[in-house]
Amino acid sequence: MVKIIFLGTGGGRLNLIRQVRATGGFIIRGGEGSGVQIHVDPGPGALVRAYQYKCDPTKTDVIIVTHAHLDHCADVEVLLEAMSVPKQRAHGLLLGSRNAIAGSSRRAIPEGDSIHGNGRFEPIISEYFRKKAERVEALGWGESRKLPGNAQIHGVKALHEEDSCFGFVLELDCRRIGYTSDTQYLREHETEYRGVDCLILNCLKPEGEAIHGHMDTTMAEKIIGGAKPKLAVLSHLGLRMSRGHAAQDAHQLKERTGVKVLAAYDGLVLKV
């Protein structure tokens, strides 16, 4: 059995600064066979939310950062500190997007956009905290890595402003967990996530309100209907989704696709 604990289910810049929903990412915890603990996309408040929902960050073995945006990576350094404390030495794996690990040499934002500075991504961690992990690696689309606990992860393409952003399929304890991260719909998502035991979709917007680089429920329906996961979970919800659309849209998606669909909430625990 694999357990998934949602430390935060909010998405988008407005939710990030207002914290209508938390932004702590989620933890995937293997059963007694593997015993591995994986923290995915630890945004602002991840450490605090971990303790709030009875998760011990010092027991984390892997931190995954799918891209270099604050709501996915702000608490990485403090979690690296926590991960290294029990053994008083470097421990575990930090696995991130290319821009998160190494930064980018070219502009991700058009020149002249003063809000975004020079538009280039810097590495999300300093050299000091980089040494807290035994391994620091980037994961690209189509690439696979072995993880502690006999787990394996496969990178899936995402279409997002952070151009090295990736989704993934994680194989752990005979379960397959899919996560889209922030992305628009791509036809290949239907095959990459096909038949997974649980698919977590970052669904920022309600039906018909899609914006570039993000998913609305219309796109989510295409992925769920094509991939046919055993369970689909809507998370990383924007303000309108958080204020009433999520549960209603999840029910409609279930009716349309024949797949069980849940709208995640902060503190939700799933056993897969």
# chains A, B, ... in the order shown; residues from 1 in each chain; ligands from 1

$ select_by_dssp --residues "range 189-235 of chain A" --states "strand (DSSP E)" --output "PyMOL selection string"
chain A and resi 198-205+215-216+231-235

$ closest_atom_pairs --of "range 118-185 of chain A" --to "range 56-66 of chain A" --cutoff "7 Å" --atoms "only C-alpha atoms" --output "tab-separated table"
residue	atom	partner	partner_atom	distance
A:Cys165	CA	A:Thr66	CA	5.5
A:Phe166	CA	A:Thr66	CA	5.4
A:Gly167	CA	A:Thr66	CA	6.8
A:Ser181	CA	A:Thr66	CA	6.7

$ write_last_selection --atoms "N, CA and C atoms" --output "PDB file, in the first residue's frame"
ATOM      1  N   CYS A 165       9.919  21.999 -16.987  1.00  0.00           N
ATOM      2  CA  CYS A 165       8.938  21.368 -16.093  1.00  0.00           C
ATOM      3  C   CYS A 165       8.610  19.955 -16.579  1.00  0.00           C
ATOM      4  N   PHE A 166       8.438  19.040 -15.642  1.00  0.00           N
ATOM      5  CA  PHE A 166       8.083  17.666 -16.011  1.00  0.00           C
ATOM      6  C   PHE A 166       6.991  17.116 -15.095  1.00  0.00           C
ATOM      7  N   GLY A 167       6.195  16.209 -15.644  1.00  0.00           N
ATOM      8  CA  GLY A 167       5.344  15.344 -14.841  1.00  0.00           C
ATOM      9  C   GLY A 167       6.071  14.030 -14.658  1.00  0.00           C
ATOM     10  N   SER A 181       2.031  17.649 -12.872  1.00  0.00           N
ATOM     11  CA  SER A 181       2.598  18.961 -12.566  1.00  0.00           C
ATOM     12  C   SER A 181       1.819  20.026 -13.344  1.00  0.00           C
TER      13      SER A 181
END

$ residues_around --residues "Phe129 in chain A" --least-positions-apart "4" --cutoff "7 Å" --atoms "only C-alpha atoms" --output "mmCIF file with N, CA and C atoms, in the first residue's frame"
data_model
loop_
_atom_site.group_PDB
_atom_site.id
_atom_site.type_symbol
_atom_site.label_atom_id
_atom_site.label_comp_id
_atom_site.auth_asym_id
_atom_site.auth_seq_id
_atom_site.Cartn_x
_atom_site.Cartn_y
_atom_site.Cartn_z
ATOM 1 N N GLU A 77 15.153 24.161 0.665
ATOM 2 C CA GLU A 77 16.372 24.198 1.471
ATOM 3 C C GLU A 77 16.118 23.765 2.909
ATOM 4 N N LEU A 80 15.827 20.047 2.893
ATOM 5 C CA LEU A 80 17.141 19.409 2.774
ATOM 6 C C LEU A 80 17.844 19.388 4.128
ATOM 7 N N ILE A 125 18.665 26.155 -5.185
ATOM 8 C CA ILE A 125 19.382 25.939 -3.928
ATOM 9 C C ILE A 125 20.816 26.436 -4.043
#

$ closest_residue --among "A:Ala102, A:Val269, A:Leu93, A:Leu234" --to "Lys146 in chain A" --atoms "only C-alpha atoms"
A:Leu93

$ residues_around --residues "Leu186 in chain A" --least-positions-apart "4" --cutoff "9 Å" --atoms "only C-alpha atoms" --output "PDB file with C-alpha atoms, in the first residue's frame"
ATOM      1  CA  LYS A 157       6.549  16.043 -20.849  1.00  0.00           C
ATOM      2  CA  ALA A 158       4.803  19.132 -19.510  1.00  0.00           C
ATOM      3  CA  LEU A 159       4.013  22.345 -21.388  1.00  0.00           C
ATOM      4  CA  GLU A 190      -3.284   9.912 -22.462  1.00  0.00           C
ATOM      5  CA  MET A 219      -8.234  19.438 -20.466  1.00  0.00           C
ATOM      6  CA  ILE A 223      -6.483  13.172 -19.982  1.00  0.00           C
TER       7      ILE A 223
END

$ residues_around --residues "Ser164 in chain A" --least-positions-apart "6" --cutoff "9 Å" --atoms "only C-alpha atoms" --output "list in words"
Thr66, His67, Ala68, Ser97, Arg98, Asn99, Ala100, Leu139, Gly140, Trp141, Lys157 and Ala158 of chain A

$ residues_around --residues "Gln184 in chain A" --least-positions-apart "6" --cutoff "10 Å" --atoms "only C-alpha atoms" --output "tab-separated table (two decimals) with N, CA and C atoms, in the first residue's frame"
chain	number	residue	atom	x	y	z
A	158	ALA	N	5.77	18.13	-19.93
A	158	ALA	CA	4.80	19.13	-19.51
A	158	ALA	C	5.01	20.38	-20.36
A	159	LEU	N	3.94	21.11	-20.62
A	159	LEU	CA	4.01	22.35	-21.39
A	159	LEU	C	3.66	23.50	-20.46
A	160	HIS	N	4.70	24.23	-20.04
A	160	HIS	CA	4.54	25.24	-19.00
A	160	HIS	C	5.53	26.38	-19.24
A	202	ASN	N	-2.80	18.70	-11.88
A	202	ASN	CA	-2.79	20.10	-11.45
A	202	ASN	C	-3.78	20.88	-12.31
A	203	CYS	N	-4.97	21.07	-11.76
A	203	CYS	CA	-6.10	21.64	-12.51
A	203	CYS	C	-6.41	23.02	-11.95
A	210	ALA	N	-9.17	27.97	-19.43
A	210	ALA	CA	-7.76	27.61	-19.51
A	210	ALA	C	-6.89	28.81	-19.85
A	211	ILE	N	-5.70	28.85	-19.27
A	211	ILE	CA	-4.69	29.84	-19.62
A	211	ILE	C	-3.43	29.10	-20.04
A	212	HIS	N	-2.56	29.79	-20.76
A	212	HIS	CA	-1.37	29.14	-21.30
A	212	HIS	C	-0.54	28.49	-20.19
A	213	GLY	N	-0.18	27.24	-20.41
A	213	GLY	CA	0.70	26.54	-19.47
A	213	GLY	C	0.00	25.90	-18.30
A	214	HIS	N	-1.32	26.00	-18.24
A	214	HIS	CA	-2.07	25.43	-17.13
A	214	HIS	C	-3.29	24.67	-17.65
A	215	MET	N	-3.85	23.85	-16.79
A	215	MET	CA	-4.95	22.97	-17.14
A	215	MET	C	-6.27	23.49	-16.57
A	216	ASP	N	-7.34	23.36	-17.36
A	216	ASP	CA	-8.68	23.53	-16.83
A	216	ASP	C	-9.37	22.16	-16.84
A	219	MET	N	-9.46	20.18	-20.18
A	219	MET	CA	-8.23	19.44	-20.47
A	219	MET	C	-8.11	18.22	-19.57
A	220	ALA	N	-8.47	18.39	-18.30
A	220	ALA	CA	-8.40	17.26	-17.36
A	220	ALA	C	-9.28	16.11	-17.84

$ residues_around --residues "Arg135 in chain A" --least-positions-apart "2" --cutoff "10 Å" --atoms "only C-alpha atoms" --output "PyMOL selection string"
chain A and resi 62+90-95+130-133+137

$ select_by_dssp --residues "range 14-125 of chain A" --states "alpha helix (DSSP H)" --output "MDAnalysis selection string"
chainID A and resid 14:18 46:52 70:73 76:84 98:102

$ write_last_selection --atoms "N, CA and C atoms" --output "short mmCIF file (atom, residue, chain, number, x, y, z; two decimals), in the first residue's frame"
data_model
loop_
_atom_site.label_atom_id
_atom_site.label_comp_id
_atom_site.auth_asym_id
_atom_site.auth_seq_id
_atom_site.Cartn_x
_atom_site.Cartn_y
_atom_site.Cartn_z
N LEU A 14 -2.04 34.09 -7.16
CA LEU A 14 -2.90 34.73 -6.17
C LEU A 14 -3.09 33.85 -4.95
N ASN A 15 -3.30 32.56 -5.17
CA ASN A 15 -3.41 31.65 -4.03
C ASN A 15 -2.09 31.57 -3.28
N LEU A 16 -0.99 31.61 -4.01
CA LEU A 16 0.34 31.54 -3.38
C LEU A 16 0.50 32.63 -2.33
N ILE A 17 0.11 33.85 -2.66
CA ILE A 17 0.34 34.96 -1.72
C ILE A 17 -0.78 35.10 -0.70
N ARG A 18 -1.99 34.60 -1.02
CA ARG A 18 -3.11 34.70 -0.08
C ARG A 18 -3.25 33.46 0.80
N ALA A 46 5.69 24.18 3.41
CA ALA A 46 5.77 22.71 3.35
C ALA A 46 6.22 22.11 4.68
N LEU A 47 7.21 22.70 5.31
CA LEU A 47 7.71 22.17 6.58
C LEU A 47 6.63 22.24 7.65
N VAL A 48 5.98 23.38 7.78
CA VAL A 48 4.94 23.56 8.79
C VAL A 48 3.78 22.61 8.55
N ARG A 49 3.35 22.51 7.30
CA ARG A 49 2.22 21.63 6.98
C ARG A 49 2.57 20.16 7.21
N ALA A 50 3.82 19.80 6.97
CA ALA A 50 4.23 18.42 7.23
C ALA A 50 3.97 18.06 8.69
N TYR A 51 4.40 18.91 9.60
CA TYR A 51 4.16 18.64 11.02
C TYR A 51 2.68 18.72 11.35
N GLN A 52 1.95 19.65 10.73
CA GLN A 52 0.52 19.77 10.99
C GLN A 52 -0.21 18.47 10.66
N LEU A 70 7.94 29.27 -7.33
CA LEU A 70 7.93 29.32 -5.86
C LEU A 70 6.93 28.39 -5.21
N ASP A 71 5.74 28.25 -5.81
CA ASP A 71 4.73 27.40 -5.18
C ASP A 71 5.07 25.92 -5.29
N HIS A 72 6.21 25.61 -5.91
CA HIS A 72 6.67 24.22 -6.02
C HIS A 72 8.02 23.97 -5.35
N CYS A 73 8.69 25.04 -4.93
CA CYS A 73 10.07 24.82 -4.47
C CYS A 73 10.54 25.70 -3.32
N VAL A 76 12.43 24.06 -0.26
CA VAL A 76 13.39 22.99 -0.54
C VAL A 76 14.56 23.01 0.42
N GLU A 77 15.15 24.16 0.67
CA GLU A 77 16.37 24.20 1.47
C GLU A 77 16.12 23.76 2.91
N VAL A 78 15.02 24.20 3.51
CA VAL A 78 14.76 23.79 4.89
C VAL A 78 14.46 22.29 4.96
N LEU A 79 13.87 21.74 3.91
CA LEU A 79 13.62 20.29 3.89
C LEU A 79 14.90 19.50 3.66
N LEU A 80 15.83 20.05 2.89
CA LEU A 80 17.14 19.41 2.77
C LEU A 80 17.84 19.39 4.13
N GLU A 81 17.73 20.47 4.86
CA GLU A 81 18.29 20.52 6.22
C GLU A 81 17.67 19.44 7.08
N ALA A 82 16.35 19.33 7.05
CA ALA A 82 15.65 18.32 7.85
C ALA A 82 16.05 16.91 7.45
N MET A 83 16.21 16.68 6.15
CA MET A 83 16.53 15.35 5.65
C MET A 83 17.91 14.89 6.10
N SER A 84 18.81 15.85 6.30
CA SER A 84 20.19 15.50 6.67
C SER A 84 20.41 15.39 8.18
N ARG A 98 15.56 20.72 -14.95
CA ARG A 98 16.86 21.26 -15.35
C ARG A 98 17.05 22.69 -14.83
N ASN A 99 16.03 23.52 -14.98
CA ASN A 99 16.15 24.90 -14.52
C ASN A 99 16.24 24.99 -13.00
N ALA A 100 15.55 24.10 -12.30
CA ALA A 100 15.60 24.11 -10.84
C ALA A 100 16.98 23.74 -10.33
N ILE A 101 17.61 22.78 -10.97
CA ILE A 101 18.91 22.28 -10.50
C ILE A 101 20.07 23.14 -11.00
N ALA A 102 20.03 23.52 -12.26
CA ALA A 102 21.18 24.20 -12.86
C ALA A 102 20.92 25.63 -13.29
#

$ atom_distance --atom1 "CA of Gly35 in chain A" --atom2 "CA of Val156 in chain A"
24.9 Å

$ atom_distance --atom1 "CA of Lys230 in chain A" --atom2 "CA of Cys198 in chain A"
6.0 Å

$ closest_residue --among "A:Val20, A:Glu255, A:Leu7, A:Tyr53" --to "His39 in chain A" --atoms "only C-alpha atoms"
A:Leu7

$ closest_residue --among "A:Tyr185, A:Tyr265, A:Tyr179, A:Phe6" --to "Thr217 in chain A" --atoms "only C-alpha atoms"
A:Tyr185

$ closest_residue --among "A:Ala227, A:Ile177, A:Ala74, A:Leu170" --to "Glu192 in chain A" --atoms "only C-alpha atoms"
A:Ala227
